[in-house]
Amino acid sequence: MTQMTRVRASSYALAAALLVGLAAPAAAHASPSSHGHTSHPRIPFTAATVTAAEDGSSYTVEWTAPGVRHVAVRAGGRTVASGGSSGKVTVRGLPAADRQWFDLVPDRGQGLHLADREIRLDGAVNFRDAGGYRTSDGHWVRMGEIYRTASLDKLTDRDLAKLKRLGISVDYDLRTQQERASAPDRVPAGSRYVVADVLGDLGGLSGLPASPEASAQLMVDAERTMVSAPTAQQAYTTVLHGIADADGANALFHCTAGKDRTGWANATLLTALGVPRETVMDDYLASNTYRAKENAATLAAMPPAQAAVYKPMLDVRPEYLNSGFQEVTSRYGTFDRYLDKALGLSHRDVRDLREDLLVG
C-alpha cells in the first residue's frame, strides 16, 4: 500500500468516525514543546480553578500556592474571600454577569485572573475556555482569549448577544461542506467566519461498525488521520496561524460535537504552549462531562445493542488522543517537528504564540 493510499484510507476512517458518529442512525507519553519561556515562574500558584454552581448562584474557588502565606480572592473590585497557601472557598451573592471573573492575589508574586471554564449557552454544548491551565515551566494560559465548542447552528439570539459581549471576533469552522450546509453557524454580528475543513471531500459512508471494539478502533484510526491527512494539516495550519497572527483576539474553533476535530485542535494549541500532557488529556476528556446529558439522551433512544456499538463514537477516551500523539512521534519524531513540518509553525512562531497567550 502506498503512502497516499494509506492516508486516503485513514481519511475515510476519520469521516466514518466523525460523521456517522455524530448523526445517529434511526431508532504514550510525549514531552511538552521545549520552545519559549525558561525563566523562574513569577506566579506562585501550582493549581487554581473556578467552578460555577449549576444554577449560577455560587462559585467554588480552589487554589494551591506553595510558600504563600495569604491569598485574597477578589471579584467585582472587592475581596470576597481569603485563605492561606491552599484553600477552597464558596462565594455567593455576586451580581449576575455573563461571566464572573475572580482575581487570586497572593502576598507574594503575580496573581491570576480566572473564571469558570464553561460558557453556558441555550443553544450550544461543550462551549468552554481553552485557557486557565498551567504550563510545565510555571506560566499560565490566559483565559478569555481562545474558546472551543460544538456546533453553533442552534444559538439563540440571547446566546449571540452574550458572545458579542464576550468579544468573540473570529469563528474557525472545522466541519465539512455537508455539515456546514445542513447546519450553518450563527455567529455574533461583526465576527469573522473562517472555514478550516479538517475532512475535506471524503465521499459517502457505509454505516456503523459491527461491534463496540470496531467502533473504538475507528476512533483511534481517526485521531491518527487528524495528524497525517493533508486536509487536516491545512485546517489546523489555518487555525494556529490565525490565532498567532491575531494575538489570540477572542477566537473560537469548533466542529459538530466539539470533541474530536476540536479536541485535536486544542490539544495541539495547549501542547505548543507548554501545557503538560496530563493536563492536555484532562481537557480532552472533559468533553465526556460537558456532553454527558446529550450523549445519554442519544443512547437512550436506541436499542441496547445498537447503543453499545454507537457509544465509543460519542465518547472521548485516552486511547483516542494518545493515538494522535503516537502518530506525531511516528511521523515527525517530536511535537516541535510536527508543528514546524506539518503546520508551518516555526520556533519564532511558537515563541510569539506563547508571548501572546501566556502570563507569568
# chains A, B, ... in the order shown; residues from 1 in each chain; ligands from 1
>>> select_by_dssp(residues="segment 221-341 of chain A", states="helix (DSSP H, G or I)", output="JSON, numbers by chain")
{"A": [221, 222, 223, 224, 225, 226, 227, 228, 230, 231, 232, 233, 234, 235, 236, 237, 238, 239, 240, 241, 242, 243, 244, 245, 261, 262, 263, 264, 265, 266, 267, 268, 269, 270, 271, 272, 277, 278, 279, 280, 281, 282, 283, 284, 285, 286, 287, 288, 289, 290, 292, 293, 294, 295, 296, 297, 298, 299, 300, 304, 305, 306, 307, 308, 309, 310, 311, 312, 313, 314, 318, 319, 320, 321, 322, 323, 324, 325, 326, 327, 328, 329, 330, 331, 332, 335, 336, 337, 338, 339, 340, 341]}
>>> residues_around(residues="Gly76 of chain A", least_positions_apart="3", cutoff="12 Å", atoms="only C-alpha atoms", output="ChimeraX atom specification")
/A:73,79-80,93-97,99-103,113
>>> write_last_selection(atoms="N, CA, C and O atoms", output="short mmCIF file (atom, residue, chain, number, x, y, z; two decimals), in the first residue's frame")
data_model
loop_
_atom_site.label_atom_id
_atom_site.label_comp_id
_atom_site.auth_asym_id
_atom_site.auth_seq_id
_atom_site.Cartn_x
_atom_site.Cartn_y
_atom_site.Cartn_z
N VAL A 73 -9.13 36.57 47.54
CA VAL A 73 -9.97 36.28 46.39
C VAL A 73 -10.85 37.50 46.16
O VAL A 73 -11.66 37.87 47.01
N THR A 79 -12.70 42.27 47.91
CA THR A 79 -12.30 40.97 48.43
C THR A 79 -13.53 40.21 48.91
O THR A 79 -14.28 40.71 49.75
N VAL A 80 -13.74 39.01 48.39
CA VAL A 80 -14.92 38.23 48.73
C VAL A 80 -14.57 36.99 49.54
O VAL A 80 -15.47 36.32 50.09
N GLY A 93 -23.77 35.47 46.42
CA GLY A 93 -24.28 36.84 46.48
C GLY A 93 -23.66 37.80 45.49
O GLY A 93 -23.80 39.02 45.66
N LEU A 94 -23.01 37.31 44.45
CA LEU A 94 -22.44 38.20 43.46
C LEU A 94 -23.52 38.63 42.46
O LEU A 94 -24.44 37.86 42.17
N PRO A 95 -23.40 39.82 41.90
CA PRO A 95 -24.39 40.25 40.91
C PRO A 95 -24.32 39.40 39.65
O PRO A 95 -23.27 38.85 39.31
N ALA A 96 -25.45 39.30 38.96
CA ALA A 96 -25.49 38.50 37.73
C ALA A 96 -24.53 39.06 36.70
O ALA A 96 -24.35 40.28 36.58
N ALA A 97 -23.88 38.17 35.96
CA ALA A 97 -22.92 38.57 34.93
C ALA A 97 -22.86 37.50 33.86
O ALA A 97 -23.14 36.33 34.12
N ARG A 99 -20.24 36.40 32.68
CA ARG A 99 -19.15 35.55 33.14
C ARG A 99 -18.53 36.21 34.37
O ARG A 99 -18.11 37.36 34.31
N GLN A 100 -18.47 35.48 35.46
CA GLN A 100 -17.95 36.05 36.70
C GLN A 100 -16.45 35.77 36.81
O GLN A 100 -16.02 34.62 36.83
N TRP A 101 -15.68 36.84 36.90
CA TRP A 101 -14.22 36.73 36.99
C TRP A 101 -13.75 36.91 38.42
O TRP A 101 -14.31 37.70 39.18
N PHE A 102 -12.68 36.19 38.75
CA PHE A 102 -12.06 36.28 40.07
C PHE A 102 -10.57 36.56 39.92
O PHE A 102 -9.92 36.04 39.00
N ASP A 103 -10.04 37.37 40.81
CA ASP A 103 -8.61 37.60 40.90
C ASP A 103 -8.08 36.94 42.16
O ASP A 103 -8.56 37.26 43.26
N HIS A 113 -6.07 35.72 37.04
CA HIS A 113 -7.38 36.22 36.66
C HIS A 113 -8.14 35.05 36.04
O HIS A 113 -7.82 34.60 34.94
#
>>> closest_atom_pairs(of="segment 193-290 of chain A", to="segment 336-356 of chain A", cutoff="8 Å", atoms="only C-alpha atoms", output="CSV")
residue,atom,partner,partner_atom,distance
A:Gln233,CA,A:Ala342,CA,6.0
A:Gln234,CA,A:Leu343,CA,7.2
A:Tyr236,CA,A:Leu343,CA,6.8
A:Thr237,CA,A:Leu343,CA,4.7
A:Leu240,CA,A:Leu343,CA,7.9
A:His241,CA,A:Leu345,CA,7.4
A:Ile243,CA,A:Leu353,CA,7.9
A:Ala244,CA,A:Leu353,CA,5.3
A:Asp247,CA,A:Asp356,CA,5.5
A:Gly248,CA,A:Asp356,CA,6.9
A:Ala272,CA,A:Val350,CA,6.7
A:Leu273,CA,A:Arg354,CA,5.7
>>> write_last_selection(atoms="C-alpha atoms", output="PDB file, in the first residue's frame")
ATOM      1  CA  GLN A 233      -2.889  19.658   8.329  1.00  0.00           C
ATOM      2  CA  GLN A 234      -4.132  22.564   6.226  1.00  0.00           C
ATOM      3  CA  TYR A 236      -5.037  23.179  11.708  1.00  0.00           C
ATOM      4  CA  THR A 237      -2.449  25.380   9.988  1.00  0.00           C
ATOM      5  CA  LEU A 240      -2.991  28.006  14.604  1.00  0.00           C
ATOM      6  CA  HIS A 241      -1.571  30.662  12.289  1.00  0.00           C
ATOM      7  CA  ILE A 243      -4.571  32.643  16.338  1.00  0.00           C
ATOM      8  CA  ALA A 244      -0.873  33.509  16.271  1.00  0.00           C
ATOM      9  CA  ASP A 247      -2.556  37.604  19.083  1.00  0.00           C
ATOM     10  CA  GLY A 248      -5.444  35.380  20.172  1.00  0.00           C
ATOM     11  CA  ALA A 272       2.518  24.170  21.735  1.00  0.00           C
ATOM     12  CA  LEU A 273       2.057  26.482  24.717  1.00  0.00           C
TER      13      LEU A 273
END
>>> atom_distance(atom1="atom CA of Val125 of chain A", atom2="atom CA of Gly207 of chain A")
25.6 Å
>>> residues_around(residues="segment 61-69 of chain A", least_positions_apart="4", cutoff="10 Å", atoms="only C-alpha atoms", output="short mmCIF file (atom, residue, chain, number, x, y, z; two decimals) with C-alpha atoms, in the first residue's frame")
data_model
loop_
_atom_site.label_atom_id
_atom_site.label_comp_id
_atom_site.auth_asym_id
_atom_site.auth_seq_id
_atom_site.Cartn_x
_atom_site.Cartn_y
_atom_site.Cartn_z
CA ILE A 43 3.13 33.05 39.54
CA PRO A 44 3.22 31.01 42.76
CA PHE A 45 0.02 29.05 42.04
CA THR A 46 0.53 25.44 41.01
CA ALA A 47 -3.23 24.81 40.75
CA ALA A 48 -6.27 27.06 40.66
CA THR A 49 -9.85 26.68 39.41
CA VAL A 50 -13.20 28.45 39.48
CA THR A 51 -16.35 26.33 39.23
CA ALA A 52 -19.84 27.79 38.98
CA VAL A 73 -9.97 36.28 46.39
CA ALA A 81 -12.85 35.51 50.44
CA GLY A 83 -7.13 31.85 52.68
CA GLY A 84 -3.61 30.52 53.03
CA SER A 85 -1.25 28.67 50.73
CA SER A 86 -4.08 26.36 49.76
CA GLY A 87 -7.77 26.93 50.01
CA LYS A 88 -11.27 26.16 48.82
CA VAL A 89 -13.97 28.76 49.31
CA THR A 90 -17.55 29.19 48.13
CA VAL A 91 -18.60 32.67 47.08
CA PHE A 102 -12.06 36.28 40.07
CA LEU A 104 -6.46 35.40 43.14
CA PRO A 106 -1.10 36.23 46.73
CA ASP A 107 1.01 38.05 49.31
CA ARG A 108 3.99 37.49 47.03
CA GLY A 109 4.30 37.00 43.30
CA LEU A 114 -9.77 33.25 36.36
CA ALA A 115 -13.36 32.32 35.62
CA ASP A 116 -15.35 29.12 35.29
#
>>> closest_residue(among="A:Arg186, A:Pro212, A:Val227, A:Gly144", to="Gln306 of chain A", atoms="only C-alpha atoms")
A:Pro212
>>> select_by_dssp(residues="segment 112-190 of chain A", states="strand (DSSP E or B)", output="list of chain:residue names")
A:Leu112, A:His113, A:Leu114, A:Ala115, A:Glu118, A:Arg128, A:Asp129, A:Arg134, A:Trp140, A:Val141, A:Ile146, A:Tyr147, A:Arg148, A:Thr149, A:Val170, A:Asp171, A:Tyr172, A:Asp173
>>> write_last_selection(atoms="C-alpha atoms", output="CSV table (one decimal), in the first residue's frame")
chain,number,residue,atom,x,y,z
A,112,LEU,CA,-4.3,35.0,38.5
A,113,HIS,CA,-7.4,36.2,36.7
A,114,LEU,CA,-9.8,33.3,36.4
A,115,ALA,CA,-13.4,32.3,35.6
A,118,GLU,CA,-17.6,26.7,30.8
A,128,ARG,CA,-15.5,26.4,27.0
A,129,ASP,CA,-12.4,28.5,27.5
A,134,ARG,CA,-0.6,25.9,34.0
A,140,TRP,CA,-0.5,30.1,32.8
A,141,VAL,CA,-2.6,30.1,29.7
A,146,ILE,CA,-9.5,31.3,22.9
A,147,TYR,CA,-12.6,29.2,23.1
A,148,ARG,CA,-13.6,25.7,21.8
A,149,THR,CA,-17.2,24.5,21.3
A,170,VAL,CA,-13.4,35.0,14.7
A,171,ASP,CA,-15.1,31.6,14.3
A,172,TYR,CA,-13.0,28.8,12.8
A,173,ASP,CA,-15.4,26.1,11.5
>>> atom_distance(atom1="atom CA of Leu270 of chain A", atom2="atom CA of Asp282 of chain A")
11.5 Å
>>> closest_atom_pairs(of="segment 168-234 of chain A", to="segment 260-267 of chain A", cutoff="9 Å", atoms="only C-alpha atoms", output="JSON lines")
{"residue": "A:Leu174", "atom": "CA", "partner": "A:Arg261", "partner_atom": "CA", "distance": 6.9}
{"residue": "A:Arg175", "atom": "CA", "partner": "A:Arg261", "partner_atom": "CA", "distance": 8.4}
{"residue": "A:Val198", "atom": "CA", "partner": "A:Arg261", "partner_atom": "CA", "distance": 7.1}
{"residue": "A:Met219", "atom": "CA", "partner": "A:Asp260", "partner_atom": "CA", "distance": 8.9}
{"residue": "A:Ala222", "atom": "CA", "partner": "A:Asp260", "partner_atom": "CA", "distance": 8.7}
{"residue": "A:Glu223", "atom": "CA", "partner": "A:Asp260", "partner_atom": "CA", "distance": 7.6}
{"residue": "A:Met226", "atom": "CA", "partner": "A:Arg261", "partner_atom": "CA", "distance": 7.3}
{"residue": "A:Val227", "atom": "CA", "partner": "A:Trp264", "partner_atom": "CA", "distance": 8.6}
{"residue": "A:Ala232", "atom": "CA", "partner": "A:Arg261", "partner_atom": "CA", "distance": 8.8}
>>> atom_distance(atom1="atom CA of Arg42 of chain A", atom2="atom CA of Ser136 of chain A")
13.2 Å
>>> residues_around(residues="Ala183 of chain A", least_positions_apart="5", cutoff="9 Å", atoms="only C-alpha atoms", output="list in words")
Ser151, Leu152, Asp153, Lys154 and Gln178 of chain A
>>> write_last_selection(atoms="all heavy atoms", output="short mmCIF file (atom, residue, chain, number, x, y, z; two decimals), in the first residue's frame")
data_model
loop_
_atom_site.label_atom_id
_atom_site.label_comp_id
_atom_site.auth_asym_id
_atom_site.auth_seq_id
_atom_site.Cartn_x
_atom_site.Cartn_y
_atom_site.Cartn_z
N SER A 151 -21.24 22.54 17.77
CA SER A 151 -21.93 23.24 16.69
C SER A 151 -22.61 24.52 17.18
O SER A 151 -23.12 24.60 18.31
CB SER A 151 -22.99 22.30 16.09
OG SER A 151 -23.68 22.93 15.05
N LEU A 152 -22.63 25.52 16.31
CA LEU A 152 -23.20 26.83 16.64
C LEU A 152 -24.51 27.12 15.90
O LEU A 152 -25.01 28.24 15.97
CB LEU A 152 -22.19 27.93 16.31
CG LEU A 152 -20.84 27.86 17.01
CD1 LEU A 152 -19.92 28.97 16.50
CD2 LEU A 152 -21.00 27.96 18.52
N ASP A 153 -25.07 26.13 15.23
CA ASP A 153 -26.24 26.40 14.40
C ASP A 153 -27.51 26.66 15.20
O ASP A 153 -28.45 27.26 14.69
CB ASP A 153 -26.48 25.24 13.43
CG ASP A 153 -26.78 23.93 14.15
OD1 ASP A 153 -25.87 23.43 14.85
OD2 ASP A 153 -27.90 23.39 14.02
N LYS A 154 -27.54 26.24 16.47
CA LYS A 154 -28.75 26.40 17.28
C LYS A 154 -28.63 27.53 18.31
O LYS A 154 -29.44 27.61 19.23
CB LYS A 154 -29.09 25.08 17.98
CG LYS A 154 -29.48 23.95 17.04
CD LYS A 154 -29.85 22.69 17.80
CE LYS A 154 -30.32 21.60 16.85
NZ LYS A 154 -29.26 21.20 15.89
N GLN A 178 -20.76 19.52 3.77
CA GLN A 178 -22.09 18.97 4.03
C GLN A 178 -22.61 19.38 5.39
O GLN A 178 -23.77 19.76 5.54
CB GLN A 178 -22.05 17.45 3.92
CG GLN A 178 -23.39 16.78 4.15
CD GLN A 178 -23.31 15.26 4.06
OE1 GLN A 178 -22.25 14.70 3.77
NE2 GLN A 178 -24.42 14.59 4.32
#
>>> closest_residue(among="A:Val316, A:Asp283, A:Leu199, A:Leu269", to="Ser228 of chain A", atoms="only C-alpha atoms")
A:Leu199
>>> closest_atom_pairs(of="segment 294-336 of chain A", to="segment 250-257 of chain A", cutoff="12 Å", atoms="only C-alpha atoms", output="JSON lines")
{"residue": "A:Glu294", "atom": "CA", "partner": "A:Ala257", "partner_atom": "CA", "distance": 10.0}
{"residue": "A:Asn295", "atom": "CA", "partner": "A:Ala257", "partner_atom": "CA", "distance": 10.0}
{"residue": "A:Met313", "atom": "CA", "partner": "A:Ala257", "partner_atom": "CA", "distance": 10.6}
{"residue": "A:Leu314", "atom": "CA", "partner": "A:Ala257", "partner_atom": "CA", "distance": 8.5}
{"residue": "A:Asp315", "atom": "CA", "partner": "A:Ala257", "partner_atom": "CA", "distance": 10.3}
{"residue": "A:Val316", "atom": "CA", "partner": "A:Ala257", "partner_atom": "CA", "distance": 10.7}
>>> closest_residue(among="A:Leu218, A:Ala150, A:Ala296, A:Leu166", to="Asp185 of chain A", atoms="only C-alpha atoms")
A:Ala150
>>> closest_residue(among="A:Ser323, A:Thr334, A:Ser82, A:Thr231", to="Ala216 of chain A", atoms="only C-alpha atoms")
A:Ser323
